[in-house]
Structures are given as structure tokens and as C-alpha cells.
file my_file.csv (CSV, C-alpha atoms and all ligand atoms)
chain,number,residue,atom,x,y,z
I,1,MET,CA,15.1,3.4,-2.2
I,2,TYR,CA,12.9,1.2,-4.5
I,3,ASP,CA,15.9,-0.8,-5.7
I,4,GLU,CA,16.8,-2.3,-2.3
I,5,LYS,CA,15.9,-5.9,-2.8
I,6,ASP,CA,14.6,-6.6,0.7
I,7,VAL,CA,12.8,-3.4,1.5
I,8,TRP,CA,9.4,-5.1,1.0
I,9,HIS,CA,10.3,-8.3,2.6
I,10,ASP,CA,11.5,-6.4,5.7
I,11,TRP,CA,8.4,-4.2,5.8
I,12,LEU,CA,5.9,-7.0,5.4
I,13,THR,CA,7.4,-9.6,7.6
I,14,ARG,CA,9.4,-7.7,10.2
I,15,ASP,CA,8.8,-4.0,10.5
I,16,LEU,CA,5.1,-4.2,10.3
I,17,HIS,CA,4.7,-7.0,12.9
I,18,GLN,CA,7.8,-7.3,15.1
I,19,HIS,CA,6.8,-5.1,17.9
I,20,GLU,CA,3.1,-5.3,17.5
I,21,SER,CA,0.9,-6.6,20.2
I,22,ASP,CA,-1.6,-9.3,19.2
I,23,LEU,CA,-4.2,-6.6,19.2
I,24,GLY,CA,-2.2,-4.3,16.9
I,25,TYR,CA,-1.4,-7.2,14.5
I,26,SER,CA,-5.1,-8.3,14.2
I,27,GLN,CA,-6.1,-4.7,13.7
I,28,ASN,CA,-3.7,-4.3,10.8
I,29,GLN,CA,-4.6,-7.6,9.3
I,30,ARG,CA,-8.3,-6.8,9.5
I,31,ILE,CA,-7.7,-3.5,7.6
I,32,ILE,CA,-5.4,-5.0,4.9
I,33,ASN,CA,-7.8,-8.0,4.4
I,34,SER,CA,-10.7,-5.7,3.9
I,35,PHE,CA,-8.9,-3.9,1.1
I,36,ALA,CA,-7.9,-7.2,-0.5
I,37,LYS,CA,-11.4,-8.6,-0.1
I,38,ARG,CA,-13.0,-5.7,-1.9
I,39,ALA,CA,-10.5,-6.0,-4.8
I,40,ILE,CA,-11.3,-9.7,-5.0
I,41,ASP,CA,-15.1,-9.0,-5.0
I,42,ASN,CA,-14.7,-6.3,-7.6
I,43,ALA,CA,-12.8,-8.8,-9.8
I,44,ARG,CA,-15.8,-11.1,-10.2
I,45,LEU,CA,-13.6,-14.2,-10.2
I,46,GLU,CA,-15.1,-17.4,-11.5
I,47,LYS,CA,-14.2,-21.1,-11.3
I,48,ASN,CA,-11.3,-22.1,-13.6
I,49,HIS,CA,-10.0,-18.6,-13.9
I,50,THR,CA,-6.3,-17.7,-14.0
I,51,LEU,CA,-5.6,-14.8,-11.6
I,52,LEU,CA,-2.4,-12.8,-11.7
I,53,ASP,CA,-1.7,-11.3,-8.3
I,54,ALA,CA,0.7,-8.5,-9.3
I,55,GLY,CA,3.0,-7.4,-6.5
I,56,SER,CA,1.8,-10.4,-4.5
I,57,GLY,CA,3.9,-9.8,-1.3
I,58,GLU,CA,3.0,-12.4,1.3
I,59,GLY,CA,0.2,-13.7,-1.0
I,60,THR,CA,-2.7,-12.1,0.9
I,61,VAL,CA,-4.8,-11.6,-2.2
I,62,SER,CA,-4.0,-14.9,-3.8
I,63,PHE,CA,-4.8,-17.0,-0.7
I,64,LEU,CA,-8.0,-15.1,0.0
I,65,ALA,CA,-9.1,-15.6,-3.6
I,66,ILE,CA,-8.3,-19.4,-3.4
I,67,ASP,CA,-10.3,-19.6,-0.2
I,68,GLU,CA,-13.2,-18.0,-2.0
I,69,ILE,CA,-13.2,-19.7,-5.4
I,70,GLY,CA,-11.8,-23.1,-4.5
I,71,PRO,CA,-9.5,-25.6,-6.1
I,72,SER,CA,-10.2,-24.7,-9.7
I,73,LEU,CA,-8.7,-21.2,-9.4
I,74,ASN,CA,-5.1,-20.9,-10.8
I,75,VAL,CA,-3.0,-18.1,-9.3
I,76,ILE,CA,0.2,-16.5,-10.5
I,77,LEU,CA,2.0,-14.7,-7.7
I,78,LEU,CA,4.3,-12.2,-9.2
I,79,ASP,CA,6.7,-10.0,-7.2
I,80,ILE,CA,10.2,-8.4,-7.4
I,81,SER,CA,11.2,-9.8,-4.0
I,82,GLN,CA,12.5,-13.4,-4.1
I,83,GLN,CA,12.2,-13.7,-0.3
I,84,LEU,CA,8.5,-12.8,-0.4
I,85,LEU,CA,7.9,-15.3,-3.2
I,86,GLU,CA,9.6,-18.0,-1.1
I,87,LEU,CA,7.6,-17.1,1.9
I,88,SER,CA,4.4,-17.3,0.0
I,89,LYS,CA,5.5,-20.6,-1.5
I,90,ARG,CA,5.8,-22.0,2.0
I,91,THR,CA,2.4,-20.6,2.9
I,92,ALA,CA,0.9,-22.3,-0.2
I,93,LEU,CA,2.5,-25.6,0.9
I,94,SER,CA,1.1,-25.3,4.4
I,95,LYS,CA,-2.3,-24.5,3.0
I,96,ASN,CA,-2.1,-27.4,0.6
I,97,VAL,CA,-2.7,-25.2,-2.4
I,98,LEU,CA,0.7,-25.3,-4.0
I,99,ASN,CA,-0.6,-27.1,-7.1
I,100,GLN,CA,-2.8,-24.0,-7.8
I,101,CYS,CA,0.0,-21.5,-7.6
I,102,ALA,CA,2.9,-20.4,-9.9
I,103,PHE,CA,5.6,-18.0,-8.6
I,104,VAL,CA,7.2,-15.5,-10.9
I,105,LYS,CA,10.0,-13.1,-10.0
I,106,ALA,CA,9.6,-10.1,-12.3
I,107,PRO,CA,8.8,-6.4,-12.3
I,108,MET,CA,5.1,-5.9,-13.2
I,109,ASN,CA,6.0,-3.5,-16.0
I,110,SER,CA,7.9,-6.3,-17.8
I,111,MET,CA,6.5,-9.7,-17.2
I,112,ARG,CA,8.4,-11.5,-20.0
I,113,THR,CA,7.6,-15.1,-19.0
I,114,ILE,CA,3.8,-14.4,-19.0
I,115,ALA,CA,2.3,-15.0,-22.4
I,116,ASP,CA,0.0,-12.6,-24.3
I,117,ASN,CA,-3.7,-13.2,-23.7
I,118,SER,CA,-3.1,-15.7,-21.0
I,119,VAL,CA,-4.8,-14.5,-17.7
I,120,ASP,CA,-8.4,-13.8,-16.9
I,121,ARG,CA,-8.0,-11.4,-14.0
I,122,ILE,CA,-5.2,-9.2,-12.6
I,123,ILE,CA,-5.5,-7.8,-9.1
I,124,THR,CA,-3.1,-5.3,-7.5
I,125,ARG,CA,-3.4,-4.4,-3.8
I,126,ALA,CA,-1.0,-1.6,-2.8
I,127,SER,CA,1.6,-2.5,-5.3
I,128,LEU,CA,0.9,-0.6,-8.6
I,129,ALA,CA,1.3,2.6,-6.5
I,130,TYR,CA,5.0,1.9,-6.1
I,131,VAL,CA,5.8,1.5,-9.8
I,132,ASP,CA,7.4,4.4,-11.6
I,133,ASN,CA,5.7,4.2,-15.0
I,134,LYS,CA,2.1,3.3,-14.4
I,135,ILE,CA,0.8,3.7,-18.0
I,136,ASN,CA,3.6,1.3,-19.2
I,137,THR,CA,2.6,-1.2,-16.5
I,138,LEU,CA,-1.1,-0.9,-17.4
I,139,GLN,CA,-0.2,-1.6,-21.0
I,140,GLU,CA,1.7,-4.7,-19.9
I,141,PHE,CA,-1.4,-5.8,-17.9
I,142,LEU,CA,-3.4,-5.4,-21.1
I,143,ARG,CA,-0.9,-7.5,-23.1
I,144,VAL,CA,-1.2,-10.5,-20.7
I,145,LEU,CA,-5.0,-10.3,-20.2
I,146,LYS,CA,-7.3,-12.4,-22.4
I,147,PRO,CA,-9.9,-10.4,-24.4
I,148,GLY,CA,-12.8,-9.8,-22.0
I,149,GLY,CA,-10.3,-10.0,-19.1
I,150,MET,CA,-10.3,-7.5,-16.3
I,151,ILE,CA,-8.1,-5.6,-13.8
I,152,SER,CA,-9.1,-4.9,-10.3
I,153,LEU,CA,-6.9,-2.4,-8.5
I,154,ALA,CA,-7.0,-1.5,-4.8
I,155,GLU,CA,-4.4,1.2,-4.4
I,156,PRO,CA,-3.7,3.7,-1.5
I,157,ILE,CA,-3.7,7.4,-2.4
I,158,PHE,CA,-1.1,9.3,-0.4
I,159,GLN,CA,-1.2,12.6,-2.4
I,160,ASP,CA,-3.8,14.3,-0.1
I,161,ALA,CA,-1.8,13.5,3.1
I,162,ALA,CA,1.4,14.7,1.5
I,163,MET,CA,-0.2,17.9,0.2
I,164,ASN,CA,-1.5,18.6,3.7
I,165,VAL,CA,2.0,18.4,5.1
I,166,ALA,CA,3.2,20.8,2.3
I,167,LEU,CA,0.4,23.2,3.0
I,168,GLN,CA,1.2,23.1,6.7
I,169,LYS,CA,4.8,24.0,5.9
I,170,LYS,CA,3.7,27.0,3.9
I,171,THR,CA,1.4,28.2,6.8
I,172,ILE,CA,4.2,27.8,9.3
I,173,ASP,CA,6.8,29.6,7.1
I,174,PHE,CA,4.3,32.4,6.5
I,175,GLN,CA,3.7,32.9,10.3
I,176,ILE,CA,7.3,32.7,11.3
I,177,GLY,CA,8.1,35.4,13.9
I,178,THR,CA,4.5,35.5,15.1
I,179,LEU,CA,4.2,31.9,16.4
I,180,GLY,CA,2.8,31.3,19.9
I,181,LYS,CA,2.9,28.3,22.3
I,182,SER,CA,0.1,26.4,20.6
I,183,ASP,CA,1.9,27.0,17.3
I,184,ALA,CA,5.1,25.4,18.7
I,185,ASP,CA,3.1,22.2,19.1
I,186,LYS,CA,2.0,22.4,15.5
I,187,VAL,CA,5.6,23.0,14.4
I,188,LEU,CA,6.7,19.9,16.3
I,189,ILE,CA,4.0,17.7,14.7
I,190,HIS,CA,4.9,19.1,11.3
I,191,ARG,CA,8.6,18.2,11.9
I,192,TRP,CA,7.5,14.6,12.5
I,193,GLN,CA,5.1,14.5,9.5
I,194,SER,CA,7.7,15.9,7.1
I,195,THR,CA,9.8,12.8,7.8
I,196,GLN,CA,7.0,10.7,6.4
I,197,PHE,CA,6.2,12.8,3.4
I,198,PRO,CA,8.2,15.6,1.7
I,199,ASP,CA,6.8,19.0,2.4
I,200,LEU,CA,7.7,20.6,-0.9
I,201,ILE,CA,5.3,20.2,-3.8
I,202,GLU,CA,8.2,19.7,-6.3
I,203,GLU,CA,9.4,16.8,-4.2
I,204,ILE,CA,5.9,15.3,-3.8
I,205,ASN,CA,5.5,15.4,-7.6
I,206,ALA,CA,8.8,13.5,-8.1
I,207,ILE,CA,7.8,10.5,-6.0
I,208,PRO,CA,5.8,7.8,-7.9
I,209,PHE,CA,3.8,6.4,-5.0
I,210,ILE,CA,2.7,9.9,-3.7
I,211,ASN,CA,2.3,11.9,-6.9
I,212,PHE,CA,-1.0,10.6,-8.2
I,213,SER,CA,-4.7,10.7,-7.4
I,214,GLU,CA,-7.6,8.3,-8.2
I,215,ARG,CA,-8.4,10.5,-11.2
I,216,ASP,CA,-4.9,9.8,-12.6
I,217,LEU,CA,-5.5,6.1,-12.3
I,218,VAL,CA,-8.6,6.5,-14.4
I,219,ARG,CA,-6.8,8.6,-17.0
I,220,TRP,CA,-3.8,6.3,-17.3
I,221,SER,CA,-6.1,3.2,-17.7
I,222,GLU,CA,-7.9,5.0,-20.5
I,223,GLN,CA,-4.5,5.9,-22.1
I,224,ALA,CA,-3.3,2.3,-21.8
I,225,GLY,CA,-6.4,1.1,-23.8
I,226,PHE,CA,-8.8,-0.3,-21.1
I,227,SER,CA,-12.5,0.1,-21.5
I,228,GLN,CA,-15.6,0.1,-19.1
I,229,ILE,CA,-13.4,1.8,-16.5
I,230,HIS,CA,-15.1,2.2,-13.1
I,231,MET,CA,-13.5,4.0,-10.1
I,232,GLU,CA,-14.6,4.1,-6.5
I,233,PHE,CA,-12.7,6.2,-4.1
I,234,HIS,CA,-13.1,5.3,-0.4
I,235,MET,CA,-12.0,7.5,2.5
I,236,ASP,CA,-12.6,5.8,5.9
I,237,GLU,CA,-11.9,6.8,9.4
I,238,VAL,CA,-10.6,3.8,11.2
I,239,ARG,CA,-10.6,3.6,15.0
I,240,LEU,CA,-7.3,2.1,16.2
I,241,ILE,CA,-7.6,-0.5,18.9
I,242,ASP,CA,-3.9,-0.6,20.0
I,243,THR,CA,-2.9,3.0,20.7
I,244,SER,CA,0.0,2.2,23.1
I,245,TRP,CA,3.1,4.3,22.8
I,246,GLU,CA,5.1,1.1,22.0
I,247,SER,CA,2.8,0.4,19.0
I,248,LEU,CA,3.0,4.1,17.8
I,249,LEU,CA,6.8,4.0,18.0
I,250,HIS,CA,6.9,1.1,15.6
I,251,SER,CA,4.5,2.6,13.1
I,252,SER,CA,5.0,4.8,10.0
I,253,MET,CA,2.6,6.4,7.6
I,254,HIS,CA,3.5,4.2,4.7
I,255,PRO,CA,5.9,1.3,4.0
I,256,LEU,CA,8.8,3.5,2.8
I,257,ALA,CA,8.8,6.0,5.6
I,258,PRO,CA,10.9,5.7,8.8
I,259,LYS,CA,9.3,4.5,11.9
I,260,LEU,CA,8.5,7.0,14.7
I,261,SER,CA,11.2,5.5,17.0
I,262,GLN,CA,13.8,6.1,14.3
I,263,VAL,CA,12.5,9.7,13.6
I,264,LEU,CA,12.6,10.5,17.3
I,265,GLU,CA,16.2,9.3,17.7
I,266,ASP,CA,17.4,11.1,14.6
I,267,HIS,CA,15.5,14.4,14.7
I,268,PHE,CA,14.2,15.2,18.2
I,269,SER,CA,15.8,16.1,21.6
I,270,GLN,CA,14.7,14.2,24.7
I,271,VAL,CA,12.5,17.2,25.7
I,272,GLU,CA,10.9,17.4,22.3
I,273,GLN,CA,10.3,13.7,22.3
I,274,ASP,CA,8.4,14.0,25.6
I,275,VAL,CA,6.2,16.8,24.2
I,276,LEU,CA,5.5,14.9,21.0
I,277,ARG,CA,4.5,11.8,23.0
I,278,GLU,CA,1.9,13.9,24.9
I,279,LEU,CA,0.6,15.4,21.7
I,280,LEU,CA,0.3,12.1,19.8
I,281,LEU,CA,-1.2,9.8,22.5
I,282,PRO,CA,-5.0,9.8,23.1
I,283,LYS,CA,-6.1,12.4,25.6
I,284,ASN,CA,-7.9,12.2,29.0
I,285,GLY,CA,-7.5,8.5,29.6
I,286,SER,CA,-9.2,7.8,26.3
I,287,HIS,CA,-7.9,4.7,24.4
I,288,SER,CA,-9.2,5.9,21.1
I,289,LEU,CA,-7.1,7.1,18.2
I,290,THR,CA,-8.2,7.3,14.6
I,291,ALA,CA,-6.5,7.0,11.3
I,292,LYS,CA,-7.8,7.9,7.8
I,293,THR,CA,-7.5,5.5,4.9
I,294,HIS,CA,-7.7,6.7,1.3
I,295,MET,CA,-8.2,3.9,-1.2
I,296,ALA,CA,-8.9,3.9,-4.9
I,297,TYR,CA,-10.7,0.8,-6.3
I,298,LEU,CA,-10.6,0.6,-10.1
I,299,THR,CA,-11.9,-2.0,-12.4
I,300,ALA,CA,-11.5,-2.0,-16.2
I,301,TYR,CA,-11.8,-4.5,-19.1
I,302,LYS,CA,-9.7,-5.5,-22.1
I,303,ALA,CA,-12.1,-5.3,-25.1
I,401,LIG,C1,2.7,-3.0,0.2
I,401,LIG,S1,3.2,-4.5,-0.5
I,401,LIG,C2,1.6,-5.2,-0.9
I,401,LIG,C3,1.7,-6.7,-1.1
I,401,LIG,C4,0.4,-7.4,-1.4
I,401,LIG,N1,-0.2,-7.0,-2.7
I,401,LIG,C5,-0.7,-7.3,-0.3
I,401,LIG,O1,-1.8,-7.1,-0.6
I,401,LIG,O2,-0.3,-7.6,0.9
I,401,LIG,C6,3.8,-4.1,-2.1
I,401,LIG,C7,4.4,-5.2,-2.9
I,401,LIG,O3,4.7,-4.8,-4.2
I,401,LIG,C8,5.9,-5.4,-4.6
I,401,LIG,N2,6.5,-4.6,-5.7
I,401,LIG,C9,6.9,-3.3,-5.6
I,401,LIG,N3,7.3,-2.9,-6.8
I,401,LIG,C10,7.1,-3.9,-7.7
I,401,LIG,C11,7.3,-4.0,-9.1
I,401,LIG,N4,7.8,-3.1,-9.8
I,401,LIG,N5,6.9,-5.2,-9.7
I,401,LIG,C12,6.4,-6.2,-8.9
I,401,LIG,N6,6.2,-6.1,-7.6
I,401,LIG,C13,6.5,-5.0,-7.0
I,401,LIG,C14,6.7,-5.4,-3.4
I,401,LIG,O4,7.8,-6.4,-3.4
I,401,LIG,C15,5.7,-5.8,-2.3
I,401,LIG,O5,5.6,-7.2,-2.2
call {"tool": "encode", "arguments": {"input": "my_file.csv", "output": "C-alpha cells"}}
result
Amino acid sequence: MYDEKDVWHDWLTRDLHQHESDLGYSQNQRIINSFAKRAIDNARLEKNHTLLDAGSGEGTVSFLAIDEIGPSLNVILLDISQQLLELSKRTALSKNVLNQCAFVKAPMNSMRTIADNSVDRIITRASLAYVDNKINTLQEFLRVLKPGGMISLAEPIFQDAAMNVALQKKTIDFQIGTLGKSDADKVLIHRWQSTQFPDLIEEINAIPFINFSERDLVRWSEQAGFSQIHMEFHMDEVRLIDTSWESLLHSSMHPLAPKLSQVLEDHFSQVEQDVLRELLLPKNGSHSLTAKTHMAYLTAYKA
């Protein structure tokens, strides 16, 4: 799943936005920008710094940082997707900041063209999460950072959501044979959730972007050799503005999960789809629906 070259390009540029209303789009951008802004604030960037945006995607972090610090900031946008690097190059051109940007296609655990002790700050926003060997990647970050340099991570934590799905499965399995009508609704919702996260603990533990907590990030940073490690874990309930069925159909719980429309087509009969729609949409004419975000913000220094 991770090796498919354009998974990320398709997610960021097409899947996430194609069927979104303007409202849904601005809602998502606002949430993503707030994560990126916090990572940038935590990084304490200064004039003339070189920032490595590891797993840069469309360049959200890089362009916000340039807006904030101005023309003296140099940014290296590093990603495994050539298409996303090209897209961000076009954005840099249109923003007239191309001279401040370098574009590197490389996996973040092996950034061969980036010299030892050469960057002041490294920011990741929802990108380290997807890497298999995080200690190895943090060691690579340590190699390219200048002494006194700093990492600022803003990474989603999916472990709690996945564990809840696994727990729900255990509860349902335990009650089989005694399930009533309201339990049938629970089972239907669980069938949808288990297409987003595996519902067996062994499978959860085998998937790199799900199998870790904020505490693991702290432990791995220590093991990699970082000092002055600081972790803030934020859980926020976010009120969604666009809660139309159309918008829900094109949503998924994380970038690598199938969209609800695909799940319905593949796993649910028409009758079940109608019931699930009633269960998922806001009740009593209310337009309000909430989602929970779980974000780990870590900063640490190279001594
Ligand atoms: C969810 S997107 C986040 C993009 C960006 N950081 C942002 O804030 O919008 C994850 C990004 O990480 C990149 N990525 C995934 N695995 C990577 C790896 N091993 N090395 C470098 N980039 C990677 C993907 O190509 C994608 O652009």
C-alpha cells in the first residue's frame, strides 16, 4: 500500500477535494493549517534558517513558514512523490518564492543528498507517521541537523481510534446470540469502521501509522539521541460545517482508508446503506456533526 507512487498525490490533490463543497474544503484546510501553524510556532524559526519540510506534500508547512519568516528563510521540500514535488514547485513559482525553495525526492529515512549538520529545523506534519522505521528516520534527522538544531513534529495518533474498533469487535463477538435491534445498528457501524481500521489487535500492531502512541514518539526520540524532548498531546472535538451526505460519502478516517462511497458499494446491501445513512447523518434537522482529532506535537534538540 505504501509503495504505490501516487497514493499521496491522489489523496492530497484529488480524493480530499474533488467532491467537496467550498464549505467542506475550507473546513479541512482550516484544520490542516492549524496543525501546520502549531508545528511552525513550536519550531521557533528565525531569519536565515534552513528548514527541512520532511514529507512536504503540497508544501503547506513550507509556504506558511515562508509567509511567516519572509525572504531570508530557505526551505527544502522533501517527499517521495515526484508529482507532489512538481505541484509544490508550481506553487512556489506562483507565489514568487522559488528562489527560497529546494525540492528533493527521497525517503525521509535515507536523505542521501542532504549533508550532515546542514539544516536548522526539521518539521513533519502527518508524514513521519507513515514511515516504517521511525527510530531510523529520527537518527537520519539527527544526522542532517546542525548542532543546536531542532525537530518539530505534528503527527496524528490513530492508535486510540483503532483500539476502539477492536474493542467494539470483542464486545460484539462476546454478545453474539443475544443481540437486539439497537445492537444491530452498532454492528452495522462497526462493519463500516472496520474498513477504516483493522479490528484485530495483532493487525493494528503490524501497521506503522496506527501502531504507535505519543509516548512512543518520545521514547524513539530519546533512543535516536535527541535531547530536551517536549511532548504535547492534543485531543480536540471539531464541529464539522459541511455534514451533507455527499461530503460524508467522499470522506475516510485517514488517507489510506477507502472512502465511505467505496465501502458502501463493496460491503453493504441497498437496505443496509439506507440504515447506515440514517445512523451517520445528524439527527432532528441538526446540521452539526463532530469529529475528534488526536495530535502529538513533539519538539527536541540536537545537542
Ligand atoms: C498526509 S501527507 C502530509 C503532507 C504535508 N506534510 C502536509 O502537512 O500537508 C503525507 C506526506 O508524506 C509523504 N511521505 C510518506 N512517506 C514518506 C517517506 N517515507 N519519505 C518522505 N515522504 C513521505 C507523502 O508523499 C505525503 O506527501
call {"tool": "residues_near_ligand", "arguments": {"input": "my_file.csv", "ligand": "ligand LIG 401 (chain I)", "cutoff": "7 Å", "atoms": "all atoms listed in the file", "output": "count of residues only"}}
result
29
call {"tool": "atom_distance", "arguments": {"input": "my_file.csv", "atom1": "atom CA of I:Val119", "atom2": "atom CA of I:Asn74"}}
result
9.4 Å
call {"tool": "residues_around", "arguments": {"input": "my_file.csv", "residues": "stretch 221-229 of chain I", "least_positions_apart": "6", "cutoff": "8 Å", "atoms": "only C-alpha atoms", "output": "ChimeraX atom specification"}}
result
/I:135-136,138-139,142,298-303
call {"tool": "closest_residue", "arguments": {"input": "my_file.csv", "among": "I:Asp160, I:Gly149, I:Asp266, I:Glu278", "to": "I:Lys292", "atoms": "all atoms listed in the file"}}
result
I:Asp160
call {"tool": "atom_distance", "arguments": {"input": "my_file.csv", "atom1": "atom CA of I:Pro147", "atom2": "atom CA of I:Lys47"}}
result
17.5 Å
call {"tool": "closest_residue", "arguments": {"input": "my_file.csv", "among": "I:Lys186, I:Thr50, I:Ile157, I:Thr91", "to": "I:Arg121", "atoms": "all atoms listed in the file"}}
result
I:Thr50
call {"tool": "atom_distance", "arguments": {"input": "my_file.csv", "atom1": "atom CA of I:Phe103", "atom2": "atom CA of I:Gln82"}}
result
9.4 Å
call {"tool": "closest_residue", "arguments": {"input": "my_file.csv", "among": "I:Phe35, I:Phe63, I:Trp192, I:Tyr25", "to": "I:Arg277", "atoms": "all atoms listed in the file"}}
result
I:Trp192
call {"tool": "closest_residue", "arguments": {"input": "my_file.csv", "among": "I:Ser118, I:Gln100, I:Asp41, I:Glu86", "to": "I:Ile66", "atoms": "all atoms listed in the file"}}
result
I:Gln100
call {"tool": "closest_residue", "arguments": {"input": "my_file.csv", "among": "I:Thr290, I:Ser213, I:Asn48, I:Ser34", "to": "I:Thr243", "atoms": "only C-alpha atoms"}}
result
I:Thr290
call {"tool": "axis_aligned_box", "arguments": {"input": "my_file.csv", "around": "stretch 81-86 of chain I", "padding_each_side": "3 Å", "output": "AutoDock Vina command-line options"}}
result
--center_x 10.2 --center_y -13.9 --center_z -2.2 --size_x 10.6 --size_y 14.2 --size_z 9.8
